[in-house]
file coords_10.csv (CSV, C-alpha atoms and all ligand atoms)
chain,number,residue,atom,x,y,z
A,1,GLY,CA,37.9,-35.3,-44.8
A,2,ALA,CA,39.9,-32.2,-45.3
A,3,ALA,CA,43.1,-31.7,-43.3
A,4,LEU,CA,42.6,-29.8,-40.1
A,5,ARG,CA,45.1,-27.2,-40.9
A,6,ARG,CA,45.8,-24.5,-38.3
A,7,SER,CA,48.3,-21.9,-38.9
A,8,THR,CA,50.0,-19.8,-36.2
A,9,THR,CA,48.7,-16.4,-35.4
A,10,GLU,CA,50.6,-13.2,-36.2
A,11,PRO,CA,54.0,-13.3,-34.5
A,12,SER,CA,54.0,-11.4,-31.2
A,13,ARG,CA,56.1,-8.3,-31.2
A,14,LEU,CA,57.8,-9.6,-28.2
A,15,VAL,CA,59.4,-12.3,-30.2
A,16,SER,CA,62.2,-11.6,-32.5
A,17,ARG,CA,61.1,-11.5,-36.2
A,18,SER,CA,63.9,-13.8,-37.4
A,19,CYS,CA,62.1,-16.7,-35.8
A,20,TYR,CA,59.4,-16.3,-38.4
A,21,SER,CA,61.2,-15.6,-41.6
A,22,SER,CA,63.2,-18.3,-43.2
A,23,GLY,CA,65.7,-17.1,-40.6
A,24,PRO,CA,69.0,-18.6,-39.7
A,25,HIS,CA,67.7,-22.1,-39.8
A,26,PRO,CA,66.6,-24.2,-42.9
A,27,GLU,CA,63.0,-25.3,-43.3
A,28,ARG,CA,62.4,-28.6,-41.4
A,29,LYS,CA,59.2,-30.6,-41.2
A,30,VAL,CA,58.7,-32.8,-38.1
A,31,VAL,CA,55.8,-35.3,-37.9
A,32,ILE,CA,54.5,-36.9,-34.7
A,33,LEU,CA,52.5,-40.1,-35.2
A,34,GLY,CA,50.4,-40.7,-32.0
A,35,ALA,CA,50.4,-36.9,-31.2
A,36,ALA,CA,47.3,-36.9,-29.1
A,37,GLY,CA,48.6,-39.5,-26.6
A,38,GLY,CA,50.2,-39.2,-23.2
A,39,ILE,CA,53.6,-38.7,-24.8
A,40,GLY,CA,52.4,-37.2,-28.0
A,41,GLN,CA,50.8,-34.1,-26.4
A,42,PRO,CA,53.8,-32.8,-24.4
A,43,LEU,CA,56.1,-33.8,-27.2
A,44,SER,CA,54.0,-31.7,-29.6
A,45,LEU,CA,54.4,-28.8,-27.2
A,46,LEU,CA,58.1,-29.2,-27.0
A,47,MET,CA,58.6,-29.6,-30.7
A,48,LYS,CA,56.4,-26.4,-31.3
A,49,LEU,CA,58.9,-24.6,-29.0
A,50,ASN,CA,61.9,-25.8,-31.0
A,51,PRO,CA,63.1,-23.0,-33.3
A,52,LEU,CA,64.7,-25.5,-35.7
A,53,VAL,CA,61.2,-26.7,-36.7
A,54,SER,CA,59.4,-24.8,-39.4
A,55,SER,CA,56.5,-27.3,-39.9
A,56,LEU,CA,54.9,-29.5,-37.3
A,57,SER,CA,52.5,-32.2,-38.5
A,58,LEU,CA,50.4,-33.9,-35.8
A,59,TYR,CA,48.7,-37.2,-36.5
A,60,ASP,CA,46.6,-39.5,-34.4
A,61,ILE,CA,43.6,-41.7,-34.9
A,62,ALA,CA,41.6,-39.6,-32.4
A,63,ASN,CA,41.6,-36.2,-30.8
A,64,THR,CA,44.2,-34.5,-33.0
A,65,PRO,CA,42.1,-31.5,-34.0
A,66,GLY,CA,42.0,-30.2,-30.4
A,67,VAL,CA,45.7,-30.8,-29.8
A,68,ALA,CA,46.7,-29.1,-33.0
A,69,ALA,CA,44.4,-26.1,-32.4
A,70,ASP,CA,45.8,-25.7,-28.9
A,71,VAL,CA,49.5,-26.0,-29.8
A,72,SER,CA,49.1,-23.9,-32.9
A,73,HIS,CA,48.3,-20.8,-30.8
A,74,ILE,CA,51.8,-20.7,-29.4
A,75,ASN,CA,53.7,-17.9,-31.0
A,76,SER,CA,56.8,-19.8,-32.2
A,77,ARG,CA,58.1,-20.5,-35.7
A,78,ALA,CA,56.6,-23.9,-36.5
A,79,GLN,CA,53.4,-24.0,-38.6
A,80,VAL,CA,51.1,-26.6,-37.1
A,81,ALA,CA,48.8,-29.0,-39.0
A,82,GLY,CA,46.6,-31.7,-37.4
A,83,TYR,CA,45.3,-34.8,-39.1
A,84,ALA,CA,43.0,-37.4,-37.8
A,85,GLY,CA,42.4,-40.0,-40.4
A,86,GLU,CA,44.4,-42.8,-42.0
A,87,GLU,CA,43.4,-41.5,-45.5
A,88,GLN,CA,45.4,-38.3,-44.6
A,89,LEU,CA,48.7,-40.1,-43.9
A,90,GLY,CA,50.1,-39.1,-47.3
A,91,GLN,CA,49.6,-35.4,-46.5
A,92,VAL,CA,50.9,-35.9,-43.0
A,93,LEU,CA,54.1,-37.5,-44.0
A,94,GLU,CA,55.0,-35.9,-47.4
A,95,GLY,CA,58.1,-33.7,-47.2
A,96,SER,CA,59.0,-34.6,-43.7
A,97,ASP,CA,62.5,-34.6,-42.4
A,98,ILE,CA,61.9,-36.4,-39.1
A,99,VAL,CA,59.0,-38.8,-38.1
A,100,ILE,CA,58.6,-39.4,-34.4
A,101,ILE,CA,56.5,-42.4,-33.4
A,102,PRO,CA,55.0,-42.6,-30.0
A,103,ALA,CA,51.8,-44.3,-31.3
A,104,GLY,CA,50.6,-47.4,-29.4
A,105,VAL,CA,49.5,-48.6,-26.0
A,106,PRO,CA,51.6,-48.0,-22.8
A,107,ARG,CA,52.3,-50.5,-19.9
A,108,LYS,CA,50.1,-51.1,-16.9
A,109,PRO,CA,51.5,-52.4,-13.6
A,110,GLY,CA,52.7,-56.0,-13.9
A,111,MET,CA,53.3,-55.7,-17.6
A,112,THR,CA,56.7,-55.9,-19.3
A,113,ARG,CA,57.4,-53.9,-22.5
A,114,ASP,CA,57.2,-57.1,-24.4
A,115,ASP,CA,53.6,-57.6,-23.2
A,116,LEU,CA,52.8,-54.6,-25.5
A,117,PHE,CA,54.2,-56.5,-28.5
A,118,ASN,CA,51.0,-57.8,-30.1
A,119,ILE,CA,49.2,-54.4,-30.3
A,120,ASN,CA,52.1,-52.1,-30.9
A,121,ALA,CA,53.9,-54.3,-33.5
A,122,GLY,CA,50.9,-54.0,-35.8
A,123,ILE,CA,50.5,-50.2,-35.3
A,124,VAL,CA,54.2,-49.7,-36.0
A,125,LYS,CA,54.2,-52.0,-39.0
A,126,SER,CA,51.3,-50.1,-40.7
A,127,LEU,CA,52.8,-46.7,-39.9
A,128,CYS,CA,56.1,-47.7,-41.4
A,129,VAL,CA,54.4,-48.9,-44.6
A,130,ALA,CA,53.1,-45.4,-45.0
A,131,ILE,CA,56.5,-43.9,-44.2
A,132,ALA,CA,58.1,-46.0,-46.9
A,133,LYS,CA,55.5,-44.8,-49.3
A,134,TYR,CA,55.3,-41.1,-48.5
A,135,CYS,CA,58.6,-40.0,-46.9
A,136,PRO,CA,61.3,-42.7,-47.5
A,137,ASN,CA,64.1,-40.3,-46.8
A,138,ALA,CA,62.9,-39.1,-43.4
A,139,LEU,CA,64.7,-39.9,-40.2
A,140,VAL,CA,62.5,-42.2,-38.0
A,141,ASN,CA,62.6,-41.8,-34.2
A,142,MET,CA,60.9,-44.9,-32.8
A,143,ILE,CA,59.4,-44.4,-29.3
A,144,SER,CA,56.7,-47.1,-29.4
A,145,ASN,CA,57.6,-50.1,-27.2
A,146,PRO,CA,59.0,-52.7,-27.2
A,147,VAL,CA,61.7,-50.6,-28.9
A,148,ASN,CA,64.0,-53.7,-29.0
A,149,SER,CA,61.5,-55.2,-31.4
A,150,THR,CA,59.7,-52.3,-33.1
A,151,VAL,CA,63.0,-51.0,-34.6
A,152,PRO,CA,63.7,-54.3,-36.3
A,153,ILE,CA,60.1,-54.4,-37.5
A,154,ALA,CA,60.5,-51.0,-39.1
A,155,ALA,CA,63.8,-52.1,-40.7
A,156,GLU,CA,62.1,-55.2,-42.2
A,157,VAL,CA,59.1,-53.1,-43.5
A,158,PHE,CA,61.5,-50.6,-45.1
A,159,LYS,CA,63.6,-53.4,-46.6
A,160,LYS,CA,60.5,-55.0,-48.2
A,161,ALA,CA,59.6,-51.6,-49.7
A,162,GLY,CA,63.2,-51.1,-51.0
A,163,THR,CA,63.6,-47.9,-49.0
A,164,TYR,CA,65.7,-49.1,-46.0
A,165,ASP,CA,68.6,-46.8,-45.0
A,166,GLU,CA,70.1,-48.0,-41.8
A,167,LYS,CA,71.4,-44.5,-41.2
A,168,LYS,CA,67.9,-43.2,-40.8
A,169,LEU,CA,66.3,-45.5,-38.3
A,170,PHE,CA,66.6,-44.8,-34.6
A,171,GLY,CA,65.2,-46.4,-31.4
A,172,VAL,CA,64.8,-43.6,-28.9
A,173,THR,CA,66.6,-44.7,-25.7
A,174,THR,CA,67.3,-41.1,-24.5
A,175,LEU,CA,65.0,-41.6,-21.5
A,176,ASP,CA,67.4,-44.2,-20.2
A,177,VAL,CA,70.2,-41.6,-20.5
A,178,VAL,CA,68.1,-38.9,-18.9
A,179,ARG,CA,67.3,-41.2,-15.9
A,180,ALA,CA,70.9,-42.4,-15.6
A,181,LYS,CA,72.1,-38.8,-15.4
A,182,THR,CA,69.5,-37.8,-12.9
A,183,PHE,CA,70.0,-40.7,-10.6
A,184,TYR,CA,73.8,-40.5,-10.8
A,185,ALA,CA,73.9,-36.8,-10.0
A,186,GLU,CA,71.7,-37.4,-7.0
A,187,LYS,CA,73.8,-40.2,-5.6
A,188,ALA,CA,77.2,-38.8,-6.5
A,189,LYS,CA,76.2,-35.3,-5.4
A,190,VAL,CA,77.4,-33.6,-8.6
A,191,PRO,CA,75.6,-30.9,-10.6
A,192,VAL,CA,73.1,-32.7,-12.8
A,193,ALA,CA,73.5,-30.3,-15.7
A,194,GLU,CA,77.2,-31.3,-16.1
A,195,VAL,CA,76.5,-35.1,-15.9
A,196,ASN,CA,77.1,-37.4,-18.9
A,197,VAL,CA,76.5,-41.2,-18.8
A,198,PRO,CA,76.4,-43.4,-21.8
A,199,VAL,CA,73.6,-46.1,-21.8
A,200,VAL,CA,74.1,-49.0,-24.2
A,201,GLY,CA,72.4,-52.2,-25.2
A,202,GLY,CA,68.6,-52.0,-25.6
A,203,HIS,CA,65.5,-50.5,-24.1
A,204,ALA,CA,63.9,-53.0,-21.7
A,205,GLY,CA,65.0,-54.3,-18.2
A,206,ILE,CA,68.4,-55.8,-18.2
A,207,THR,CA,69.1,-54.9,-21.8
A,208,ILE,CA,69.4,-51.3,-20.6
A,209,LEU,CA,73.1,-51.1,-19.6
A,210,PRO,CA,74.3,-47.7,-18.2
A,211,LEU,CA,78.1,-47.3,-18.2
A,212,PHE,CA,78.6,-45.5,-14.9
A,213,SER,CA,82.3,-46.3,-15.1
A,214,GLN,CA,82.4,-43.7,-17.9
A,215,ALA,CA,80.2,-41.2,-16.1
A,216,THR,CA,81.4,-37.6,-15.8
A,217,PRO,CA,82.1,-35.7,-13.6
A,218,LYS,CA,83.9,-38.6,-11.9
A,219,SER,CA,82.9,-39.5,-8.4
A,220,ASN,CA,85.1,-41.2,-5.9
A,221,SER,CA,82.4,-41.6,-3.3
A,222,LEU,CA,80.5,-44.3,-5.2
A,223,GLY,CA,81.2,-47.9,-4.3
A,224,ASP,CA,80.3,-51.2,-6.1
A,225,GLU,CA,77.0,-51.4,-4.2
A,226,ASP,CA,76.1,-47.9,-5.2
A,227,ILE,CA,76.8,-48.6,-8.9
A,228,LYS,CA,74.7,-51.8,-8.7
A,229,ALA,CA,71.8,-49.8,-7.2
A,230,LEU,CA,72.1,-47.1,-9.8
A,231,THR,CA,72.2,-49.6,-12.6
A,232,LYS,CA,69.1,-51.4,-11.2
A,233,ARG,CA,67.2,-48.1,-10.7
A,234,THR,CA,68.0,-47.0,-14.3
A,235,GLN,CA,66.8,-50.4,-15.7
A,236,ASP,CA,63.6,-50.2,-13.6
A,237,GLY,CA,63.0,-46.5,-14.1
A,238,GLY,CA,60.1,-47.1,-16.4
A,239,THR,CA,58.5,-49.6,-13.9
A,240,GLU,CA,58.9,-47.0,-11.1
A,241,VAL,CA,56.7,-44.7,-13.1
A,242,VAL,CA,54.2,-47.4,-14.2
A,243,GLU,CA,53.7,-48.3,-10.6
A,244,ALA,CA,53.4,-44.8,-9.3
A,245,LYS,CA,50.8,-44.1,-12.1
A,246,ALA,CA,48.9,-47.2,-10.9
A,247,GLY,CA,47.2,-48.2,-14.1
A,248,LYS,CA,47.1,-44.7,-15.7
A,249,GLY,CA,50.0,-45.5,-18.1
A,250,SER,CA,53.8,-45.1,-18.2
A,251,ALA,CA,56.3,-42.3,-18.5
A,252,THR,CA,54.9,-39.5,-20.6
A,253,LEU,CA,56.4,-36.2,-19.5
A,254,SER,CA,60.0,-37.3,-19.0
A,255,MET,CA,59.6,-39.3,-22.2
A,256,ALA,CA,58.4,-36.3,-24.1
A,257,TYR,CA,61.4,-34.4,-22.8
A,258,ALA,CA,63.7,-37.2,-23.9
A,259,GLY,CA,62.1,-37.5,-27.3
A,260,ALA,CA,62.4,-33.7,-27.8
A,261,VAL,CA,66.1,-33.9,-26.8
A,262,PHE,CA,66.7,-36.7,-29.3
A,263,ALA,CA,64.7,-35.0,-32.2
A,264,ASP,CA,66.6,-31.8,-31.5
A,265,ALA,CA,69.9,-33.6,-31.9
A,266,CYS,CA,68.7,-35.2,-35.2
A,267,LEU,CA,67.7,-31.7,-36.4
A,268,LYS,CA,71.1,-30.3,-35.5
A,269,GLY,CA,72.8,-33.2,-37.3
A,270,LEU,CA,70.7,-32.6,-40.4
A,271,ASN,CA,71.6,-28.9,-40.3
A,272,GLY,CA,75.3,-29.7,-40.3
A,273,VAL,CA,76.1,-28.8,-36.7
A,274,PRO,CA,79.2,-30.8,-35.9
A,275,ASP,CA,79.8,-33.2,-33.0
A,276,ILE,CA,76.2,-34.1,-32.1
A,277,VAL,CA,76.4,-37.3,-30.2
A,278,GLU,CA,73.5,-39.2,-28.5
A,279,CYS,CA,72.9,-42.8,-27.5
A,280,SER,CA,70.4,-44.6,-29.7
A,281,TYR,CA,69.3,-48.1,-30.7
A,282,VAL,CA,70.4,-48.5,-34.3
A,283,GLN,CA,71.6,-51.1,-36.8
A,284,SER,CA,75.1,-51.8,-35.5
A,285,THR,CA,78.3,-53.9,-35.6
A,286,VAL,CA,79.4,-52.8,-32.1
A,287,THR,CA,78.5,-56.4,-30.9
A,288,GLU,CA,77.4,-59.5,-32.8
A,289,LEU,CA,73.8,-58.4,-32.5
A,290,PRO,CA,72.3,-56.7,-35.6
A,291,PHE,CA,70.7,-53.8,-33.5
A,292,PHE,CA,72.4,-52.3,-30.4
A,293,ALA,CA,72.2,-49.0,-28.6
A,294,SER,CA,75.4,-47.0,-28.2
A,295,LYS,CA,76.8,-43.5,-28.8
A,296,VAL,CA,76.0,-42.3,-32.3
A,297,ARG,CA,77.3,-39.3,-34.1
A,298,LEU,CA,74.5,-37.6,-36.0
A,299,GLY,CA,74.9,-35.8,-39.3
A,300,LYS,CA,73.3,-34.6,-42.5
A,301,ASN,CA,72.2,-38.2,-43.4
A,302,GLY,CA,71.3,-39.4,-40.0
A,303,VAL,CA,73.9,-41.7,-38.4
A,304,GLU,CA,77.3,-40.5,-39.3
A,305,GLU,CA,79.3,-42.7,-37.1
A,306,ILE,CA,78.5,-45.4,-34.5
A,307,LEU,CA,81.0,-45.1,-31.6
A,308,GLY,CA,82.4,-48.1,-29.8
A,309,LEU,CA,81.6,-49.0,-26.2
A,310,GLY,CA,84.9,-47.7,-24.7
A,311,PRO,CA,86.5,-49.4,-21.7
A,312,LEU,CA,84.0,-51.3,-19.5
A,313,SER,CA,84.3,-52.3,-15.8
A,314,ASP,CA,84.0,-56.0,-15.0
A,315,TYR,CA,80.4,-55.4,-13.8
A,316,GLU,CA,79.5,-53.8,-17.1
A,317,LYS,CA,81.2,-56.6,-19.1
A,318,GLU,CA,79.0,-59.1,-17.2
A,319,GLY,CA,75.9,-57.0,-17.8
A,320,LEU,CA,76.8,-56.9,-21.5
A,321,GLU,CA,77.1,-60.6,-21.8
A,322,SER,CA,73.9,-61.3,-19.9
A,323,LEU,CA,71.8,-58.9,-21.9
A,324,LYS,CA,72.6,-60.4,-25.3
A,325,THR,CA,70.2,-63.4,-25.1
A,326,GLU,CA,67.2,-61.3,-24.3
A,327,LEU,CA,68.0,-58.6,-26.9
A,328,LYS,CA,68.7,-61.2,-29.6
A,329,SER,CA,65.3,-62.9,-29.0
A,330,SER,CA,63.5,-59.5,-29.1
A,331,ILE,CA,65.2,-58.6,-32.4
A,332,GLU,CA,64.2,-62.0,-33.8
A,333,LYS,CA,60.7,-61.7,-32.6
A,334,GLY,CA,60.4,-58.3,-34.5
A,335,VAL,CA,61.9,-59.7,-37.7
A,336,LYS,CA,59.6,-62.7,-37.6
A,337,PHE,CA,56.5,-60.5,-37.0
A,338,ALA,CA,57.3,-58.2,-39.9
A,339,ASN,CA,57.8,-61.1,-42.3
A,340,GLN,CA,54.6,-63.0,-41.5
A,341,SER,CA,51.6,-62.5,-43.8
B,401,LIG,P1,48.9,-43.3,-25.0
B,401,LIG,O1,48.0,-44.5,-25.0
B,401,LIG,O2,48.7,-42.2,-24.0
B,401,LIG,O3,49.1,-42.7,-26.4
B,401,LIG,C1,49.2,-43.4,-27.6
B,401,LIG,C2,48.5,-42.7,-28.7
B,401,LIG,O4,48.8,-43.5,-29.9
B,401,LIG,C3,47.0,-42.5,-28.5
B,401,LIG,O5,46.7,-41.2,-28.7
B,401,LIG,C4,46.5,-43.4,-29.6
B,401,LIG,O6,45.2,-42.9,-30.2
B,401,LIG,C5,47.6,-43.3,-30.7
B,401,LIG,N1,47.5,-44.4,-31.7
B,401,LIG,C6,47.1,-45.7,-31.5
B,401,LIG,N2,47.1,-46.3,-32.7
B,401,LIG,C7,47.6,-45.4,-33.6
B,401,LIG,C8,47.8,-45.4,-35.0
B,401,LIG,N3,47.6,-46.5,-35.7
B,401,LIG,N4,48.2,-44.3,-35.6
B,401,LIG,C9,48.5,-43.2,-34.9
B,401,LIG,N5,48.2,-43.1,-33.6
B,401,LIG,C10,47.8,-44.2,-33.0
B,401,LIG,O7,50.4,-44.0,-24.7
B,401,LIG,P2,51.7,-43.2,-24.3
B,401,LIG,O8,51.9,-43.2,-22.9
B,401,LIG,O9,51.8,-41.9,-25.1
B,401,LIG,O10,52.8,-44.2,-24.9
B,401,LIG,C11,53.0,-44.4,-26.3
B,401,LIG,C12,54.1,-45.5,-26.5
B,401,LIG,O11,55.4,-45.1,-26.1
B,401,LIG,C13,53.9,-46.8,-25.8
B,401,LIG,O12,54.2,-47.9,-26.7
B,401,LIG,C14,54.9,-46.8,-24.7
B,401,LIG,O13,55.2,-48.0,-24.2
B,401,LIG,C15,56.0,-46.1,-25.4
B,401,LIG,N6,57.0,-45.5,-24.5
B,401,LIG,C16,58.3,-45.5,-24.8
B,401,LIG,C17,59.3,-45.0,-24.1
B,401,LIG,C18,60.7,-45.0,-24.5
B,401,LIG,O14,61.6,-44.7,-23.7
B,401,LIG,N7,61.0,-45.3,-25.8
B,401,LIG,C19,59.0,-44.5,-22.7
B,401,LIG,C20,57.6,-44.5,-22.4
B,401,LIG,C21,56.6,-45.0,-23.2
call {"tool": "encode", "arguments": {"input": "coords_10.csv", "output": "structure tokens"}}
result
Amino acid sequence: GAALRRSTTEPSRLVSRSCYSSGPHPERKVVILGAAGGIGQPLSLLMKLNPLVSSLSLYDIANTPGVAADVSHINSRAQVAGYAGEEQLGQVLEGSDIVIIPAGVPRKPGMTRDDLFNINAGIVKSLCVAIAKYCPNALVNMISNPVNSTVPIAAEVFKKAGTYDEKKLFGVTTLDVVRAKTFYAEKAKVPVAEVNVPVVGGHAGITILPLFSQATPKSNSLGDEDIKALTKRTQDGGTEVVEAKAGKGSATLSMAYAGAVFADACLKGLNGVPDIVECSYVQSTVTELPFFASKVRLGKNGVEEILGLGPLSDYEKEGLESLKTELKSSIEKGVKFANQS
């Protein structure tokens, strides 16, 4: 069928004109695959509000027309288009600068992220085949779980297509950082807006390793037990939400926020804004594992520099060693899946 194109209404007089002309920011097309889902909808809203976005392409296998129509009425710069069928993937993806992928099924109570593997791995694989075909130069922000495996799957698909650029593939671990900042601020009684905490490793259970020894502002009031409790709460943050939602899914609103923060950082990097640093799960030589989350400097081509881990406490060193087995096997599982049939 025809694309469900919706363009924004006339700009409101209350909003500065420069938002609508080519303005101070270059044209940037952002695509969301899985845009009608629990994460997809609020993420579509947040990306529509981002003045760095000139074109917002929303895709899902169901319900996109309504989401696109709804979001398109917001009087901000981005022109919105909604697409609902696989045969439209070409139109969806062509010319995109960033593709964000929250497509797939979320966890229910009692499930690990790895339990999602069989369904989501297939979805991610087919979407990445389309990305390789229609927008091989776009930055890919992978949200679909298990991120520890879906990122290696994407890499393998791109390698097979001959389009792989390790600087352009990101596992979105920003929600772990968002949680670590919130929980730390609460416990250390410091203003949350000033808090920074790197989170490294991967994006599931013990592979999530927050480095509270590097947290700023420094706090002298936190003892070893507090740090352990904060670490555990950050690692189990997703499960906290899954249990509270009691069968209705996993984090969507905080995830949409985190996804929007990460995509905004990628856009700024593409636009040449200096010193944009976020944690992300990327192809890496920081450890012996082929993929690892750490601080990454973003630039005009995606990853500009992968930063090292910095000094670790003994507790963090232990955590780093004990996460490697699980992370390694999740990576291998993804690689194996991508290369079968
Ligand atoms: P949801 O079920 O509410 O939404 C998923 C959407 O994907 C649905 O609208 C569905 O129609 C769509 N979809 C399914 N197959 C598709 C395909 N082939 N192409 C395009 N769209 C397709 O799930 P929710 O809560 O939005 O979660 C999405 C994913 O994000 C899950 O895998 C979840 O585990 C993951 N997630 C990741 C987090 C992270 O920190 N990286 C945090 C929270 C969730």
call {"tool": "closest_atom_pairs", "arguments": {"input": "coords_10.csv", "of": "chain A", "to": "ligand LIG 401 (chain B)", "cutoff": "6 Å", "atoms": "all atoms listed in the file", "output": "JSON lines"}}
result
{"residue": "A:Leu33", "atom": "CA", "partner": "B:LIG401", "partner_atom": "C9", "distance": 5.1}
{"residue": "A:Gly34", "atom": "CA", "partner": "B:LIG401", "partner_atom": "N5", "distance": 3.6}
{"residue": "A:Ala36", "atom": "CA", "partner": "B:LIG401", "partner_atom": "O5", "distance": 4.4}
{"residue": "A:Gly37", "atom": "CA", "partner": "B:LIG401", "partner_atom": "O3", "distance": 3.2}
{"residue": "A:Gly38", "atom": "CA", "partner": "B:LIG401", "partner_atom": "O2", "distance": 3.4}
{"residue": "A:Ile39", "atom": "CA", "partner": "B:LIG401", "partner_atom": "O9", "distance": 3.7}
{"residue": "A:Gly40", "atom": "CA", "partner": "B:LIG401", "partner_atom": "O9", "distance": 5.6}
{"residue": "A:Asp60", "atom": "CA", "partner": "B:LIG401", "partner_atom": "N5", "distance": 4.0}
{"residue": "A:Ile61", "atom": "CA", "partner": "B:LIG401", "partner_atom": "N5", "distance": 5.0}
{"residue": "A:Ala62", "atom": "CA", "partner": "B:LIG401", "partner_atom": "O6", "distance": 5.4}
{"residue": "A:Pro102", "atom": "CA", "partner": "B:LIG401", "partner_atom": "C11", "distance": 4.6}
{"residue": "A:Ala103", "atom": "CA", "partner": "B:LIG401", "partner_atom": "O4", "distance": 3.4}
{"residue": "A:Gly104", "atom": "CA", "partner": "B:LIG401", "partner_atom": "O4", "distance": 4.3}
{"residue": "A:Val105", "atom": "CA", "partner": "B:LIG401", "partner_atom": "O1", "distance": 4.5}
{"residue": "A:Pro106", "atom": "CA", "partner": "B:LIG401", "partner_atom": "O13", "distance": 3.9}
{"residue": "A:Arg107", "atom": "CA", "partner": "B:LIG401", "partner_atom": "O13", "distance": 5.8}
{"residue": "A:Ile123", "atom": "CA", "partner": "B:LIG401", "partner_atom": "N3", "distance": 4.7}
{"residue": "A:Ile143", "atom": "CA", "partner": "B:LIG401", "partner_atom": "N7", "distance": 4.0}
{"residue": "A:Ser144", "atom": "CA", "partner": "B:LIG401", "partner_atom": "O12", "distance": 3.8}
{"residue": "A:Asn145", "atom": "CA", "partner": "B:LIG401", "partner_atom": "O12", "distance": 4.1}
{"residue": "A:Val172", "atom": "CA", "partner": "B:LIG401", "partner_atom": "N7", "distance": 5.2}
{"residue": "A:Thr173", "atom": "CA", "partner": "B:LIG401", "partner_atom": "O14", "distance": 5.4}
{"residue": "A:Leu175", "atom": "CA", "partner": "B:LIG401", "partner_atom": "O14", "distance": 5.1}
{"residue": "A:Gly249", "atom": "CA", "partner": "B:LIG401", "partner_atom": "O8", "distance": 5.7}
{"residue": "A:Ser250", "atom": "CA", "partner": "B:LIG401", "partner_atom": "O8", "distance": 5.4}
{"residue": "A:Ala251", "atom": "CA", "partner": "B:LIG401", "partner_atom": "C20", "distance": 4.7}
{"residue": "A:Thr252", "atom": "CA", "partner": "B:LIG401", "partner_atom": "O8", "distance": 5.3}
{"residue": "A:Met255", "atom": "CA", "partner": "B:LIG401", "partner_atom": "C19", "distance": 5.3}
call {"tool": "residues_around", "arguments": {"input": "coords_10.csv", "residues": "segment 178-184 of chain A", "least_positions_apart": "4", "cutoff": "8 Å", "atoms": "all atoms listed in the file", "output": "list of chain:residue names"}}
result
A:Thr174, A:Ala188, A:Lys189, A:Val192, A:Val195, A:Asn196, A:Val197, A:Val199, A:Pro210, A:Leu230, A:Thr231, A:Arg233, A:Thr234, A:Gly237, A:Ala258
call {"tool": "residues_near_point", "arguments": {"input": "coords_10.csv", "point": "(56.6, -29.8, -36.4)", "cutoff": "6 Å", "atoms": "all atoms listed in the file", "output": "PDB file with C-alpha atoms, in the frame of the given file"}}
result
ATOM      1  CA  LYS A  29      59.200 -30.600 -41.200  1.00  0.00           C
ATOM      2  CA  VAL A  30      58.700 -32.800 -38.100  1.00  0.00           C
ATOM      3  CA  VAL A  31      55.800 -35.300 -37.900  1.00  0.00           C
ATOM      4  CA  VAL A  53      61.200 -26.700 -36.700  1.00  0.00           C
ATOM      5  CA  SER A  55      56.500 -27.300 -39.900  1.00  0.00           C
ATOM      6  CA  LEU A  56      54.900 -29.500 -37.300  1.00  0.00           C
ATOM      7  CA  SER A  57      52.500 -32.200 -38.500  1.00  0.00           C
ATOM      8  CA  ALA A  78      56.600 -23.900 -36.500  1.00  0.00           C
TER       9      ALA A  78
END
call {"tool": "atom_distance", "arguments": {"input": "coords_10.csv", "atom1": "atom CA of Ser329 of chain A", "atom2": "atom CA of Ala293 of chain A"}}
result
15.5 Å
call {"tool": "closest_residue", "arguments": {"input": "coords_10.csv", "among": "A:Leu45, A:Ala204, A:Leu127, A:Val99", "to": "Thr239 of chain A", "atoms": "only C-alpha atoms"}}
result
A:Ala204
call {"tool": "atom_distance", "arguments": {"input": "coords_10.csv", "atom1": "atom CA of Pro26 of chain A", "atom2": "atom CA of Leu267 of chain A"}}
result
10.0 Å
call {"tool": "residues_around", "arguments": {"input": "coords_10.csv", "residues": "Ala154 of chain A", "least_positions_apart": "4", "cutoff": "9 Å", "atoms": "all atoms listed in the file", "output": "ChimeraX atom specification"}}
result
/A:124-125,127-129,142,149-150,158-159,164,169,334-335,338
call {"tool": "closest_residue", "arguments": {"input": "coords_10.csv", "among": "A:Val71, A:Leu270, A:Ile276, A:Val241", "to": "Asn137 of chain A", "atoms": "all atoms listed in the file"}}
result
A:Leu270
call {"tool": "closest_residue", "arguments": {"input": "coords_10.csv", "among": "A:Ala35, A:Leu46, A:Leu89, A:Leu52", "to": "Pro65 of chain A", "atoms": "all atoms listed in the file"}}
result
A:Ala35
call {"tool": "atom_distance", "arguments": {"input": "coords_10.csv", "atom1": "atom CA of Gln283 of chain A", "atom2": "atom CA of Asn50 of chain A"}}
result
27.7 Å
call {"tool": "closest_residue", "arguments": {"input": "coords_10.csv", "among": "A:Ser126, A:Ser284, A:Asn141, A:Thr325", "to": "Val157 of chain A", "atoms": "all atoms listed in the file"}}
result
A:Ser126
call {"tool": "closest_residue", "arguments": {"input": "coords_10.csv", "among": "A:Pro217, A:Gly299, A:Gly66, A:Pro290", "to": "Lys268 of chain A", "atoms": "all atoms listed in the file"}}
result
A:Gly299
call {"tool": "closest_atom_pairs", "arguments": {"input": "coords_10.csv", "of": "segment 212-255 of chain A", "to": "segment 304-314 of chain A", "cutoff": "12 Å", "atoms": "only C-alpha atoms", "output": "JSON lines"}}
result
{"residue": "A:Phe212", "atom": "CA", "partner": "A:Ser313", "partner_atom": "CA", "distance": 8.9}
{"residue": "A:Ser213", "atom": "CA", "partner": "A:Ser313", "partner_atom": "CA", "distance": 6.4}
{"residue": "A:Gln214", "atom": "CA", "partner": "A:Leu312", "partner_atom": "CA", "distance": 7.9}
{"residue": "A:Ala215", "atom": "CA", "partner": "A:Leu312", "partner_atom": "CA", "distance": 11.3}
{"residue": "A:Asp224", "atom": "CA", "partner": "A:Ser313", "partner_atom": "CA", "distance": 10.5}
{"residue": "A:Ile227", "atom": "CA", "partner": "A:Ser313", "partner_atom": "CA", "distance": 10.8}
{"residue": "A:Lys228", "atom": "CA", "partner": "A:Ser313", "partner_atom": "CA", "distance": 12.0}
